[in-house]
Structure formats: structure tokens, C-alpha cells
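**Q** If it helps, the file is called work-v2.cif and holds mmCIF, C-alpha atoms:
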data_structure
loop_
_atom_site.group_PDB
_atom_site.id
_atom_site.type_symbol
_atom_site.label_atom_id
_atom_site.label_comp_id
_atom_site.auth_asym_id
_atom_site.auth_seq_id
_atom_site.Cartn_x
_atom_site.Cartn_y
_atom_site.Cartn_z
ATOM 1 C CA MET A 1 49.510 28.887 -29.991
ATOM 2 C CA LYS A 2 46.793 30.995 -31.551
ATOM 3 C CA GLU A 3 43.608 29.302 -32.692
ATOM 4 C CA ASN A 4 42.523 29.889 -36.291
ATOM 5 C CA SER A 5 38.806 30.691 -36.364
ATOM 6 C CA ASN A 6 38.599 29.781 -40.064
ATOM 7 C CA ASP A 7 39.176 26.101 -39.275
ATOM 8 C CA MET A 8 35.707 25.662 -37.790
ATOM 9 C CA SER A 9 33.675 27.674 -40.289
ATOM 10 C CA CYS A 10 31.400 25.756 -42.678
ATOM 11 C CA ALA A 11 33.858 23.184 -44.018
ATOM 12 C CA ASN A 12 31.289 21.865 -46.510
ATOM 13 C CA ASN A 13 30.287 25.278 -47.836
ATOM 14 C CA SER A 14 32.712 26.147 -50.628
ATOM 15 C CA GLU A 15 31.090 29.393 -51.723
ATOM 16 C CA PRO A 16 30.563 32.401 -49.463
ATOM 17 C CA LYS A 17 27.100 33.976 -49.329
ATOM 18 C CA ALA A 18 28.523 37.458 -49.913
ATOM 19 C CA MET A 19 31.795 39.330 -50.327
ATOM 20 C CA SER A 20 32.671 42.698 -48.850
ATOM 21 C CA ARG A 21 35.779 44.862 -48.807
ATOM 22 C CA ALA A 22 37.919 45.146 -45.713
ATOM 23 C CA LYS A 23 37.641 48.481 -43.902
ATOM 24 C CA GLN A 24 40.581 48.136 -41.516
ATOM 25 C CA TRP A 25 43.583 45.881 -41.026
ATOM 26 C CA THR A 26 43.210 42.790 -38.860
ATOM 27 C CA THR A 27 45.117 39.516 -38.739
ATOM 28 C CA GLU A 28 42.254 37.943 -40.731
ATOM 29 C CA VAL A 29 42.603 40.647 -43.408
ATOM 30 C CA GLU A 30 46.379 40.085 -43.463
ATOM 31 C CA ASN A 31 45.969 36.373 -44.203
ATOM 32 C CA LEU A 32 43.212 37.004 -46.762
ATOM 33 C CA PHE A 33 45.576 39.478 -48.459
ATOM 34 C CA ARG A 34 48.197 36.738 -48.707
ATOM 35 C CA PHE A 35 45.779 34.119 -50.075
ATOM 36 C CA GLN A 36 44.384 36.593 -52.608
ATOM 37 C CA ALA A 37 47.868 37.688 -53.710
ATOM 38 C CA ALA A 38 48.547 34.012 -54.503
ATOM 39 C CA GLY A 39 45.320 33.771 -56.521
ATOM 40 C CA TYR A 40 42.862 32.244 -54.050
ATOM 41 C CA ARG A 41 39.719 33.652 -52.437
ATOM 42 C CA ASP A 42 40.595 32.402 -48.948
ATOM 43 C CA GLU A 43 42.053 29.522 -46.958
ATOM 44 C CA LEU A 44 39.099 27.264 -47.731
ATOM 45 C CA GLU A 45 39.552 27.611 -51.503
ATOM 46 C CA TYR A 46 43.321 27.055 -51.163
ATOM 47 C CA ARG A 47 42.748 23.843 -49.184
ATOM 48 C CA GLN A 48 40.206 22.598 -51.756
ATOM 49 C CA VAL A 49 42.350 23.360 -54.808
ATOM 50 C CA LYS A 50 45.686 22.195 -53.382
ATOM 51 C CA GLN A 51 44.250 19.289 -51.358
ATOM 52 C CA VAL A 52 46.321 20.185 -48.301
ATOM 53 C CA ALA A 53 45.402 19.895 -44.643
ATOM 54 C CA LEU A 54 47.998 22.256 -43.182
ATOM 55 C CA ILE A 55 48.932 25.794 -44.170
ATOM 56 C CA ASN A 56 52.486 26.939 -43.440
ATOM 57 C CA THR A 57 52.200 29.724 -40.871
ATOM 58 C CA TRP A 58 54.584 31.706 -38.702
ATOM 59 C CA PRO A 59 54.313 30.207 -35.192
ATOM 60 C CA ASP A 60 54.562 33.537 -33.349
ATOM 61 C CA ASN A 61 51.673 35.371 -35.084
ATOM 62 C CA GLY A 62 49.765 32.856 -37.233
ATOM 63 C CA PHE A 63 50.378 34.743 -40.489
ATOM 64 C CA VAL A 64 50.594 32.617 -43.627
ATOM 65 C CA LYS A 65 54.238 31.834 -44.378
ATOM 66 C CA LYS A 66 54.179 30.060 -47.760
ATOM 67 C CA LEU A 67 51.563 29.394 -50.458
ATOM 68 C CA GLN A 68 51.720 27.645 -53.805
ATOM 69 C CA ARG A 69 50.059 29.410 -56.707
ATOM 70 C CA ARG A 70 47.961 27.500 -59.229
ATOM 71 C CA ASP A 71 50.850 27.594 -61.707
ATOM 72 C CA GLY A 72 53.108 25.803 -59.219
ATOM 73 C CA THR A 73 55.284 28.736 -58.138
ATOM 74 C CA PHE A 74 55.603 29.511 -54.451
ATOM 75 C CA TYR A 75 54.976 32.762 -52.612
ATOM 76 C CA TYR A 76 56.994 33.255 -49.435
ATOM 77 C CA TYR A 77 55.727 35.830 -46.950
ATOM 78 C CA SER A 78 57.435 37.751 -44.189
ATOM 79 C CA ARG A 79 56.495 37.298 -40.556
ATOM 80 C CA LYS A 80 55.790 41.042 -40.534
ATOM 81 C CA ARG A 81 52.669 42.734 -41.850
ATOM 82 C CA GLU A 82 52.605 42.872 -45.671
ATOM 83 C CA CYS A 83 49.128 44.322 -46.288
ATOM 84 C CA GLN A 84 49.728 48.045 -45.994
ATOM 85 C CA ASP A 85 46.961 50.494 -45.078
ATOM 86 C CA ARG A 86 46.718 51.602 -48.721
ATOM 87 C CA ASP A 87 45.929 47.986 -49.738
ATOM 88 C CA VAL A 88 43.393 47.083 -47.034
ATOM 89 C CA HIS A 89 40.386 48.179 -49.142
ATOM 90 C CA LYS A 90 41.470 45.796 -51.935
ATOM 91 C CA VAL A 91 41.004 42.711 -49.737
ATOM 92 C CA LYS A 92 37.752 40.815 -50.261
ATOM 93 C CA VAL A 93 36.276 39.358 -47.088
ATOM 94 C CA PRO A 94 33.952 36.382 -47.667
ATOM 95 C CA SER A 95 30.842 36.102 -45.519
ATOM 96 C CA THR A 96 28.739 33.004 -44.914
ATOM 97 C CA GLY A 97 25.718 35.079 -43.927
ATOM 98 C CA ASP A 98 26.121 34.055 -40.276
ATOM 99 C CA ASP A 99 28.627 36.809 -39.586
ATOM 100 C CA ASP A 100 27.892 40.290 -38.307
ATOM 101 C CA ALA A 101 26.071 41.376 -41.470
ATOM 102 C CA SER A 102 23.769 43.593 -39.411
ATOM 103 C CA SER A 103 26.570 45.880 -38.226
ATOM 104 C CA HIS A 104 26.018 48.688 -40.720
#
Written as C-alpha cells, how would this file's structure read?
**A**
Amino acid sequence: MKENSNDMSCANNSEPKAMSRAKQWTTEVENLFRFQAAGYRDELEYRQVKQVALINTWPDNGFVKKLQRRDGTFYYYSRKRECQDRDVHKVKVPSTGDDDASSH
């Protein structure tokens, strides 16, 4: 089972220090795309708003499987990639300031 690196990152810090746009597709960008399509910044905001401990994910790849929007409707996602190359630049990637901000 794949470990989710977001689980360990600054659980008490609800706001990121900075936001940047994704440059290329990764599994992190894929999941951010899914959270943002449902109206949330990221997994942390979803957990805070919905008061849930577990996120439904596909066991084989760790992609988000199902999210509930703020209006109560559900989004169901495929186990395959949904964030196409043309949409990658639309994804906002939160940064806590500890990340690789110096890699310009």
C-alpha cells in the first residue's frame, strides 16, 4: 500500500504559506485536481470542512475515489488519470514554505 505524504505534513497549519501552479503531472497533482474540482484547496481543507478522518481512495494507485462537495453532492472519480495535460497548469499546489521553494 502506498504511503500518502500529505498525512504527515503540518496537521495544525490550515493555511499554506504560498500557492503555485503545477508544471507537470504527478500523482500529487492528480489528487489536488480532484480536490479542487470538488471545491476544496487540498486534502487538509477537505478533512477540516467535512470532519472526516479517511478519504476514499483507489487501493491500487492511491487516487481519490469519492469526495463530497460543500453542497452535499458527491463526485466519483475513475481509477485512471483524470487531470489531462491541458489541465495541469490549472492545479494550485499549496506550499508550507518547507518545500523545495529554492528550486527555480
**Q** Applying the PyMOL selection byres ((chain A and resi 85) around 12) to the file I just gave you, which residues come out? Please list them as a PyMOL selection string.
**A** chain A and resi 22-26+29-30+33+81-84+86-91
**Q** Rounded to one decimal, what separation in Å do you get between atom CA of A:Asp60 and atom CA of A:Gly72?
**A**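 Separation between atom CA of A:Asp60 and atom CA of A:Gly72: 27.0 Å.
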**Q** When you draw a straight line from atom CA of A:Gln68 to atom CA of A:Lys17, how long is it in Å?
**A**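 Those two atoms sit 25.8 Å apart.
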**Q** So which one's closest to A:Tyr40, A:Leu54, A:Arg70, A:Ser78, A:Pro94? Using only C-alpha atoms, please.
**A**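 Result for the nearest residue to A:Tyr40: A:Arg70.
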**Q** Between atom CA of A:Ala37 and atom CA of A:Ala53, what is the distance in Å, rounded to a tenth?
**A**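 Atom-to-atom, atom CA of A:Ala37 and atom CA of A:Ala53 are spaced 20.1 Å apart.
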**Q** Place N, CA and C atoms on stretch 57-91 of chain A and deliver the coordinates as a compact mmCIF listing (two decimals), keeping the file's coordinate frame.
**A**
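Contents of selection06.txt, freshly written:
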# COMPACT_ATOMS: atom_id res chain seq x y z
N THR A 57 52.37 28.44 -41.53
CA THR A 57 52.20 29.72 -40.87
C THR A 57 53.38 30.02 -39.97
N TRP A 58 53.57 31.30 -39.66
CA TRP A 58 54.58 31.71 -38.70
C TRP A 58 54.05 31.37 -37.31
N PRO A 59 54.82 30.64 -36.50
CA PRO A 59 54.31 30.21 -35.19
C PRO A 59 54.02 31.34 -34.21
N ASP A 60 54.73 32.46 -34.33
CA ASP A 60 54.56 33.54 -33.35
C ASP A 60 53.31 34.38 -33.58
N ASN A 61 52.82 34.48 -34.84
CA ASN A 61 51.67 35.37 -35.08
C ASN A 61 50.56 34.72 -35.91
N GLY A 62 50.79 33.55 -36.46
CA GLY A 62 49.76 32.86 -37.23
C GLY A 62 49.61 33.34 -38.66
N PHE A 63 50.45 34.28 -39.10
CA PHE A 63 50.38 34.74 -40.49
C PHE A 63 50.82 33.62 -41.43
N VAL A 64 50.22 33.59 -42.61
CA VAL A 64 50.59 32.62 -43.63
C VAL A 64 52.05 32.84 -44.02
N LYS A 65 52.81 31.77 -44.09
CA LYS A 65 54.24 31.83 -44.38
C LYS A 65 54.56 31.52 -45.83
N LYS A 66 53.87 30.50 -46.40
CA LYS A 66 54.18 30.06 -47.76
C LYS A 66 52.92 29.52 -48.42
N LEU A 67 52.69 29.91 -49.67
CA LEU A 67 51.56 29.39 -50.46
C LEU A 67 52.05 29.02 -51.84
N GLN A 68 51.41 28.03 -52.43
CA GLN A 68 51.72 27.64 -53.80
C GLN A 68 50.61 28.15 -54.72
N ARG A 69 51.02 28.92 -55.73
CA ARG A 69 50.06 29.41 -56.71
C ARG A 69 49.56 28.26 -57.57
N ARG A 70 48.52 28.53 -58.35
CA ARG A 70 47.96 27.50 -59.23
C ARG A 70 48.96 27.06 -60.30
N ASP A 71 49.87 27.95 -60.68
CA ASP A 71 50.85 27.59 -61.71
C ASP A 71 52.07 26.86 -61.13
N GLY A 72 52.04 26.58 -59.83
CA GLY A 72 53.11 25.80 -59.22
C GLY A 72 54.19 26.62 -58.54
N THR A 73 54.26 27.91 -58.80
CA THR A 73 55.28 28.74 -58.14
C THR A 73 54.87 29.02 -56.69
N PHE A 74 55.86 29.27 -55.86
CA PHE A 74 55.60 29.51 -54.45
C PHE A 74 55.71 30.99 -54.12
N TYR A 75 54.88 31.42 -53.20
CA TYR A 75 54.98 32.76 -52.61
C TYR A 75 55.44 32.57 -51.17
N TYR A 76 56.48 33.29 -50.79
CA TYR A 76 56.99 33.26 -49.44
C TYR A 76 56.72 34.61 -48.80
N TYR A 77 56.13 34.60 -47.61
CA TYR A 77 55.73 35.83 -46.95
C TYR A 77 56.54 36.07 -45.68
N SER A 78 56.73 37.33 -45.38
CA SER A 78 57.44 37.75 -44.19
C SER A 78 56.60 37.50 -42.95
N ARG A 79 57.25 37.43 -41.80
CA ARG A 79 56.50 37.30 -40.56
C ARG A 79 55.90 38.64 -40.15
N LYS A 80 56.33 39.71 -40.81
CA LYS A 80 55.79 41.04 -40.53
C LYS A 80 54.60 41.33 -41.44
N ARG A 81 53.83 42.31 -41.07
CA ARG A 81 52.67 42.73 -41.85
C ARG A 81 53.08 43.09 -43.28
N GLU A 82 52.34 42.56 -44.27
CA GLU A 82 52.60 42.87 -45.67
C GLU A 82 51.47 43.67 -46.32
N CYS A 83 50.27 43.58 -45.76
CA CYS A 83 49.13 44.32 -46.29
C CYS A 83 49.16 45.73 -45.69
N GLN A 84 49.62 46.67 -46.47
CA GLN A 84 49.73 48.04 -45.99
C GLN A 84 48.35 48.71 -45.95
N ASP A 85 48.24 49.79 -45.20
CA ASP A 85 46.96 50.49 -45.08
C ASP A 85 46.37 50.85 -46.44
N ARG A 86 47.21 51.21 -47.39
CA ARG A 86 46.72 51.60 -48.72
C ARG A 86 46.12 50.42 -49.49
N ASP A 87 46.42 49.19 -49.05
CA ASP A 87 45.93 47.99 -49.74
C ASP A 87 44.75 47.31 -49.03
N VAL A 88 44.43 47.75 -47.83
CA VAL A 88 43.39 47.08 -47.03
C VAL A 88 42.07 47.04 -47.79
N HIS A 89 41.68 48.13 -48.45
CA HIS A 89 40.39 48.18 -49.14
C HIS A 89 40.32 47.24 -50.35
N LYS A 90 41.45 46.72 -50.79
CA LYS A 90 41.47 45.80 -51.94
C LYS A 90 41.14 44.36 -51.52
N VAL A 91 41.21 44.07 -50.23
CA VAL A 91 41.00 42.71 -49.74
C VAL A 91 39.51 42.40 -49.68
